[in-house]
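Source file structure.pdb; content: PDB, C-alpha atoms.
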```
ATOM      1  CA  MET A   1      50.450 -31.463 -33.769  1.00  0.00           C
ATOM      2  CA  THR A   2      47.423 -29.501 -32.613  1.00  0.00           C
ATOM      3  CA  ARG A   3      44.514 -31.092 -30.948  1.00  0.00           C
ATOM      4  CA  PRO A   4      41.150 -30.833 -32.617  1.00  0.00           C
ATOM      5  CA  ARG A   5      38.750 -28.443 -30.896  1.00  0.00           C
ATOM      6  CA  LYS A   6      36.059 -29.898 -28.797  1.00  0.00           C
ATOM      7  CA  GLN A   7      32.631 -28.982 -30.079  1.00  0.00           C
ATOM      8  CA  HIS A   8      30.141 -27.758 -27.489  1.00  0.00           C
ATOM      9  CA  ARG A   9      26.737 -29.253 -27.695  1.00  0.00           C
ATOM     10  CA  TYR A  10      23.907 -27.211 -26.400  1.00  0.00           C
ATOM     11  CA  ARG A  11      21.418 -29.086 -24.411  1.00  0.00           C
ATOM     12  CA  TRP A  12      18.245 -27.698 -25.904  1.00  0.00           C
ATOM     13  CA  GLY A  13      16.141 -29.215 -23.172  1.00  0.00           C
ATOM     14  CA  ARG A  14      17.938 -27.209 -20.495  1.00  0.00           C
ATOM     15  CA  ILE A  15      17.890 -24.032 -22.573  1.00  0.00           C
ATOM     16  CA  GLY A  16      14.156 -24.459 -23.238  1.00  0.00           C
ATOM     17  CA  LEU A  17      13.526 -25.042 -19.558  1.00  0.00           C
ATOM     18  CA  ALA A  18      15.482 -21.923 -18.648  1.00  0.00           C
ATOM     19  CA  VAL A  19      13.537 -19.888 -21.223  1.00  0.00           C
ATOM     20  CA  VAL A  20      10.266 -20.978 -19.626  1.00  0.00           C
ATOM     21  CA  VAL A  21      11.225 -21.044 -15.943  1.00  0.00           C
ATOM     22  CA  LEU A  22      13.190 -17.792 -15.600  1.00  0.00           C
ATOM     23  CA  PRO A  23      10.396 -15.504 -16.875  1.00  0.00           C
ATOM     24  CA  ALA A  24       7.906 -17.365 -14.672  1.00  0.00           C
ATOM     25  CA  ILE A  25      10.104 -16.776 -11.629  1.00  0.00           C
ATOM     26  CA  ALA A  26      10.523 -13.092 -12.537  1.00  0.00           C
ATOM     27  CA  LEU A  27       6.755 -12.716 -12.944  1.00  0.00           C
ATOM     28  CA  GLY A  28       6.156 -14.364  -9.575  1.00  0.00           C
ATOM     29  CA  ILE A  29       8.646 -12.084  -7.845  1.00  0.00           C
ATOM     30  CA  ALA A  30       7.168  -8.989  -9.525  1.00  0.00           C
ATOM     31  CA  SER A  31       3.606  -9.871  -8.494  1.00  0.00           C
ATOM     32  CA  GLY A  32       4.732 -10.599  -4.931  1.00  0.00           C
ATOM     33  CA  VAL A  33       6.479  -7.242  -4.670  1.00  0.00           C
ATOM     34  CA  LYS A  34       3.411  -5.495  -6.078  1.00  0.00           C
ATOM     35  CA  ALA A  35       1.198  -7.188  -3.484  1.00  0.00           C
ATOM     36  CA  LEU A  36       3.530  -6.145  -0.670  1.00  0.00           C
ATOM     37  CA  MET A  37       3.700  -2.552  -1.859  1.00  0.00           C
ATOM     38  CA  ALA A  38      -0.040  -2.161  -2.462  1.00  0.00           C
ATOM     39  CA  GLU A  39      -1.805   0.590  -0.563  1.00  0.00           C
ATOM     40  CA  PRO A  40      -4.098  -0.706   2.156  1.00  0.00           C
ATOM     41  CA  GLU A  41      -7.795  -0.231   1.516  1.00  0.00           C
ATOM     42  CA  HIS A  42      -9.717   2.370   3.482  1.00  0.00           C
ATOM     43  CA  VAL A  43     -13.390   2.841   4.258  1.00  0.00           C
ATOM     44  CA  ASP A  44     -14.797   6.316   4.883  1.00  0.00           C
ATOM     45  CA  LYS A  45     -16.534   6.897   8.187  1.00  0.00           C
ATOM     46  CA  VAL A  46     -18.676  10.037   8.465  1.00  0.00           C
ATOM     47  CA  VAL A  47     -18.193  12.031  11.671  1.00  0.00           C
ATOM     48  CA  VAL A  48     -19.833  15.281  12.779  1.00  0.00           C
ATOM     49  CA  VAL A  49     -17.477  17.601  14.677  1.00  0.00           C
ATOM     50  CA  ASP A  50     -18.592  18.419  18.245  1.00  0.00           C
ATOM     51  CA  GLU A  51     -17.856  21.600  20.187  1.00  0.00           C
ATOM     52  CA  ASP A  52     -14.148  21.955  21.165  1.00  0.00           C
ATOM     53  CA  GLU A  53     -13.205  18.769  19.297  1.00  0.00           C
ATOM     54  CA  THR A  54      -9.922  18.525  17.389  1.00  0.00           C
ATOM     55  CA  LEU A  55      -8.884  16.232  14.571  1.00  0.00           C
ATOM     56  CA  TRP A  56      -6.630  14.484  17.059  1.00  0.00           C
ATOM     57  CA  ASP A  57      -9.619  13.810  19.347  1.00  0.00           C
ATOM     58  CA  ILE A  58     -11.764  12.525  16.490  1.00  0.00           C
ATOM     59  CA  CYS A  59      -9.099  10.290  14.955  1.00  0.00           C
ATOM     60  CA  SER A  60      -8.000   8.985  18.366  1.00  0.00           C
ATOM     61  CA  LYS A  61     -11.564   7.852  19.134  1.00  0.00           C
ATOM     62  CA  ILE A  62     -11.915   6.058  15.807  1.00  0.00           C
ATOM     63  CA  ASN A  63      -8.398   4.597  15.656  1.00  0.00           C
ATOM     64  CA  ASP A  64      -8.158   1.072  17.012  1.00  0.00           C
ATOM     65  CA  ASP A  65      -4.359   1.092  17.276  1.00  0.00           C
ATOM     66  CA  ARG A  66      -3.898  -0.439  13.828  1.00  0.00           C
ATOM     67  CA  GLU A  67      -2.078   2.666  12.633  1.00  0.00           C
ATOM     68  CA  ASP A  68      -0.448   5.860  13.825  1.00  0.00           C
ATOM     69  CA  VAL A  69      -2.980   8.599  14.651  1.00  0.00           C
ATOM     70  CA  ARG A  70      -0.781  11.179  12.892  1.00  0.00           C
ATOM     71  CA  ILE A  71      -1.061   9.271   9.618  1.00  0.00           C
ATOM     72  CA  MET A  72      -4.814   9.013  10.079  1.00  0.00           C
ATOM     73  CA  ILE A  73      -5.038  12.786  10.668  1.00  0.00           C
ATOM     74  CA  ASP A  74      -2.965  13.501   7.553  1.00  0.00           C
ATOM     75  CA  ARG A  75      -5.164  11.233   5.427  1.00  0.00           C
ATOM     76  CA  THR A  76      -8.314  12.859   6.920  1.00  0.00           C
ATOM     77  CA  MET A  77      -7.005  16.322   6.071  1.00  0.00           C
ATOM     78  CA  ASP A  78      -6.255  15.236   2.500  1.00  0.00           C
ATOM     79  CA  ARG A  79      -9.651  13.539   2.107  1.00  0.00           C
ATOM     80  CA  ASN A  80     -11.542  16.615   3.350  1.00  0.00           C
ATOM     81  CA  HIS A  81      -9.294  19.248   1.703  1.00  0.00           C
ATOM     82  CA  ILE A  82      -8.341  20.738   5.077  1.00  0.00           C
ATOM     83  CA  THR A  83      -5.186  22.857   5.122  1.00  0.00           C
ATOM     84  CA  ASP A  84      -5.314  23.901   8.796  1.00  0.00           C
ATOM     85  CA  ALA A  85      -6.412  21.269  11.331  1.00  0.00           C
ATOM     86  CA  GLY A  86      -7.318  24.002  13.815  1.00  0.00           C
ATOM     87  CA  LYS A  87     -10.014  25.432  11.562  1.00  0.00           C
ATOM     88  CA  ILE A  88     -12.581  22.646  11.717  1.00  0.00           C
ATOM     89  CA  GLN A  89     -16.008  23.866  12.877  1.00  0.00           C
ATOM     90  CA  PRO A  90     -18.624  22.282  15.176  1.00  0.00           C
ATOM     91  CA  GLY A  91     -21.318  20.638  13.036  1.00  0.00           C
ATOM     92  CA  GLN A  92     -18.905  20.099  10.146  1.00  0.00           C
ATOM     93  CA  LYS A  93     -19.124  16.639   8.586  1.00  0.00           C
ATOM     94  CA  LEU A  94     -15.795  14.911   8.012  1.00  0.00           C
ATOM     95  CA  LEU A  95     -14.957  11.771   6.088  1.00  0.00           C
ATOM     96  CA  ILE A  96     -12.438   9.777   8.126  1.00  0.00           C
ATOM     97  CA  PRO A  97     -10.604   7.110   6.069  1.00  0.00           C
ATOM     98  CA  VAL A  98     -10.298   4.039   8.310  1.00  0.00           C
ATOM     99  CA  LEU A  99      -8.329   0.916   7.438  1.00  0.00           C
ATOM    100  CA  LYS A 100     -10.628  -1.738   6.024  1.00  0.00           C
ATOM    101  CA  GLU A 101     -10.758  -4.848   8.178  1.00  0.00           C
ATOM    102  CA  LYS A 102      -9.511  -8.036   6.577  1.00  0.00           C
TER     103      LYS A 102
END
```

Show how you would write the structure in this file as structure tokens.
Amino acid sequence: MTRPRKQHRYRWGRIGLAVVVLPAIALGIASGVKALMAEPEHVDKVVVVDEDETLWDICSKINDDREDVRIMIDRTMDRNHITDAGKIQPGQKLLIPVLKEK
């Protein structure tokens, strides 16, 4: 004699809860990751190049140790369309992107 199969009953309350909770958790994780990966905001500071001044000198004066000077120089070169850091001229105005204070 074979035993009758046991019928599985779905607990619709648990399934409904899972349908609501799991996407909410995924959305929360996604927004948290996006916030962590967001680019920091920068404010442009206008600087006039003095005689015998280099980008390193300028960025070192402005930098308050919140970031690496090399990164600041790279961002300054990109912002001002400079391809050779040694070719800045005295009297030239530069926009220096500085991290925005929180």

Please write out, as AutoDock Vina command-line options, where the centre of an axis-aligned box around all listed atoms of region 50-58 of chain A lies and how long its edges are, in Å to one decimal, after adding 6 Å on each side.
```
--center_x -12.6 --center_y 17.2 --center_z 17.9 --size_x 24.0 --size_y 21.4 --size_z 18.6
```

Measuring atom to atom with only C-alpha atoms, identify which of A:Asn80, A:Val69, A:Arg14, A:Gln89 is nearest to Val46 (chain A). A:Asn80

Which of these residues is nearest to Ile96 (chain A), using all atoms listed in the file: A:Asp64, A:Pro40, A:Leu55, A:Lys45?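 Ranked by minimum distance to Ile96 (chain A), first place goes to A:Lys45.
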
What does the PyMOL selection byres ((chain A and resi 54) around 8) select in this file, as a PyMOL selection string? chain A and resi 52-53+55-58+85-86+88

I'd like to see the residues matched by the PyMOL selection byres ((chain A and resi 48) around 10) on this file, and ideally I'd get them as JSON, numbers by chain. {"A": [46, 47, 49, 50, 51, 53, 58, 89, 90, 91, 92, 93, 94, 95]}

Running the PyMOL selection byres ((chain A and resi 75) around 12) on this model by hand, what would come out? Give it as JSON, numbers by chain. {"A": [42, 43, 44, 55, 59, 67, 68, 69, 70, 71, 72, 73, 74, 76, 77, 78, 79, 80, 81, 82, 83, 85, 94, 95, 96, 97, 98, 99]}

Given the selection you just returned, output its residues as a file containing C-alpha atoms, formatted as a PDB file, in the coordinates of the input.
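Listed below is the output, part_7.pdb:
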```pdb
ATOM      1  CA  HIS A  42      -9.717   2.370   3.482  1.00  0.00           C
ATOM      2  CA  VAL A  43     -13.390   2.841   4.258  1.00  0.00           C
ATOM      3  CA  ASP A  44     -14.797   6.316   4.883  1.00  0.00           C
ATOM      4  CA  LEU A  55      -8.884  16.232  14.571  1.00  0.00           C
ATOM      5  CA  CYS A  59      -9.099  10.290  14.955  1.00  0.00           C
ATOM      6  CA  GLU A  67      -2.078   2.666  12.633  1.00  0.00           C
ATOM      7  CA  ASP A  68      -0.448   5.860  13.825  1.00  0.00           C
ATOM      8  CA  VAL A  69      -2.980   8.599  14.651  1.00  0.00           C
ATOM      9  CA  ARG A  70      -0.781  11.179  12.892  1.00  0.00           C
ATOM     10  CA  ILE A  71      -1.061   9.271   9.618  1.00  0.00           C
ATOM     11  CA  MET A  72      -4.814   9.013  10.079  1.00  0.00           C
ATOM     12  CA  ILE A  73      -5.038  12.786  10.668  1.00  0.00           C
ATOM     13  CA  ASP A  74      -2.965  13.501   7.553  1.00  0.00           C
ATOM     14  CA  THR A  76      -8.314  12.859   6.920  1.00  0.00           C
ATOM     15  CA  MET A  77      -7.005  16.322   6.071  1.00  0.00           C
ATOM     16  CA  ASP A  78      -6.255  15.236   2.500  1.00  0.00           C
ATOM     17  CA  ARG A  79      -9.651  13.539   2.107  1.00  0.00           C
ATOM     18  CA  ASN A  80     -11.542  16.615   3.350  1.00  0.00           C
ATOM     19  CA  HIS A  81      -9.294  19.248   1.703  1.00  0.00           C
ATOM     20  CA  ILE A  82      -8.341  20.738   5.077  1.00  0.00           C
ATOM     21  CA  THR A  83      -5.186  22.857   5.122  1.00  0.00           C
ATOM     22  CA  ALA A  85      -6.412  21.269  11.331  1.00  0.00           C
ATOM     23  CA  LEU A  94     -15.795  14.911   8.012  1.00  0.00           C
ATOM     24  CA  LEU A  95     -14.957  11.771   6.088  1.00  0.00           C
ATOM     25  CA  ILE A  96     -12.438   9.777   8.126  1.00  0.00           C
ATOM     26  CA  PRO A  97     -10.604   7.110   6.069  1.00  0.00           C
ATOM     27  CA  VAL A  98     -10.298   4.039   8.310  1.00  0.00           C
ATOM     28  CA  LEU A  99      -8.329   0.916   7.438  1.00  0.00           C
TER      29      LEU A  99
END
```

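Reported to one decimal place, the separation of CA of Lys87 (chain A) from CA of Ile62 (chain A) is 19.9 Å.
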
The residue from A:Val20, A:Ser31, A:Glu41, A:Ile25 with the smallest atom-to-atom distance to Lys100 (chain A), counting all atoms listed in the file, is A:Glu41

Give me, please, the distance in Å between CA of Ile15 (chain A) and CA of Ala30 (chain A), quoted to one decimal. 22.6 Å

Quick check, in Å to one decimal: how far apart do CA of Gly32 (chain A) and CA of Glu101 (chain A) lie? 21.1 Å
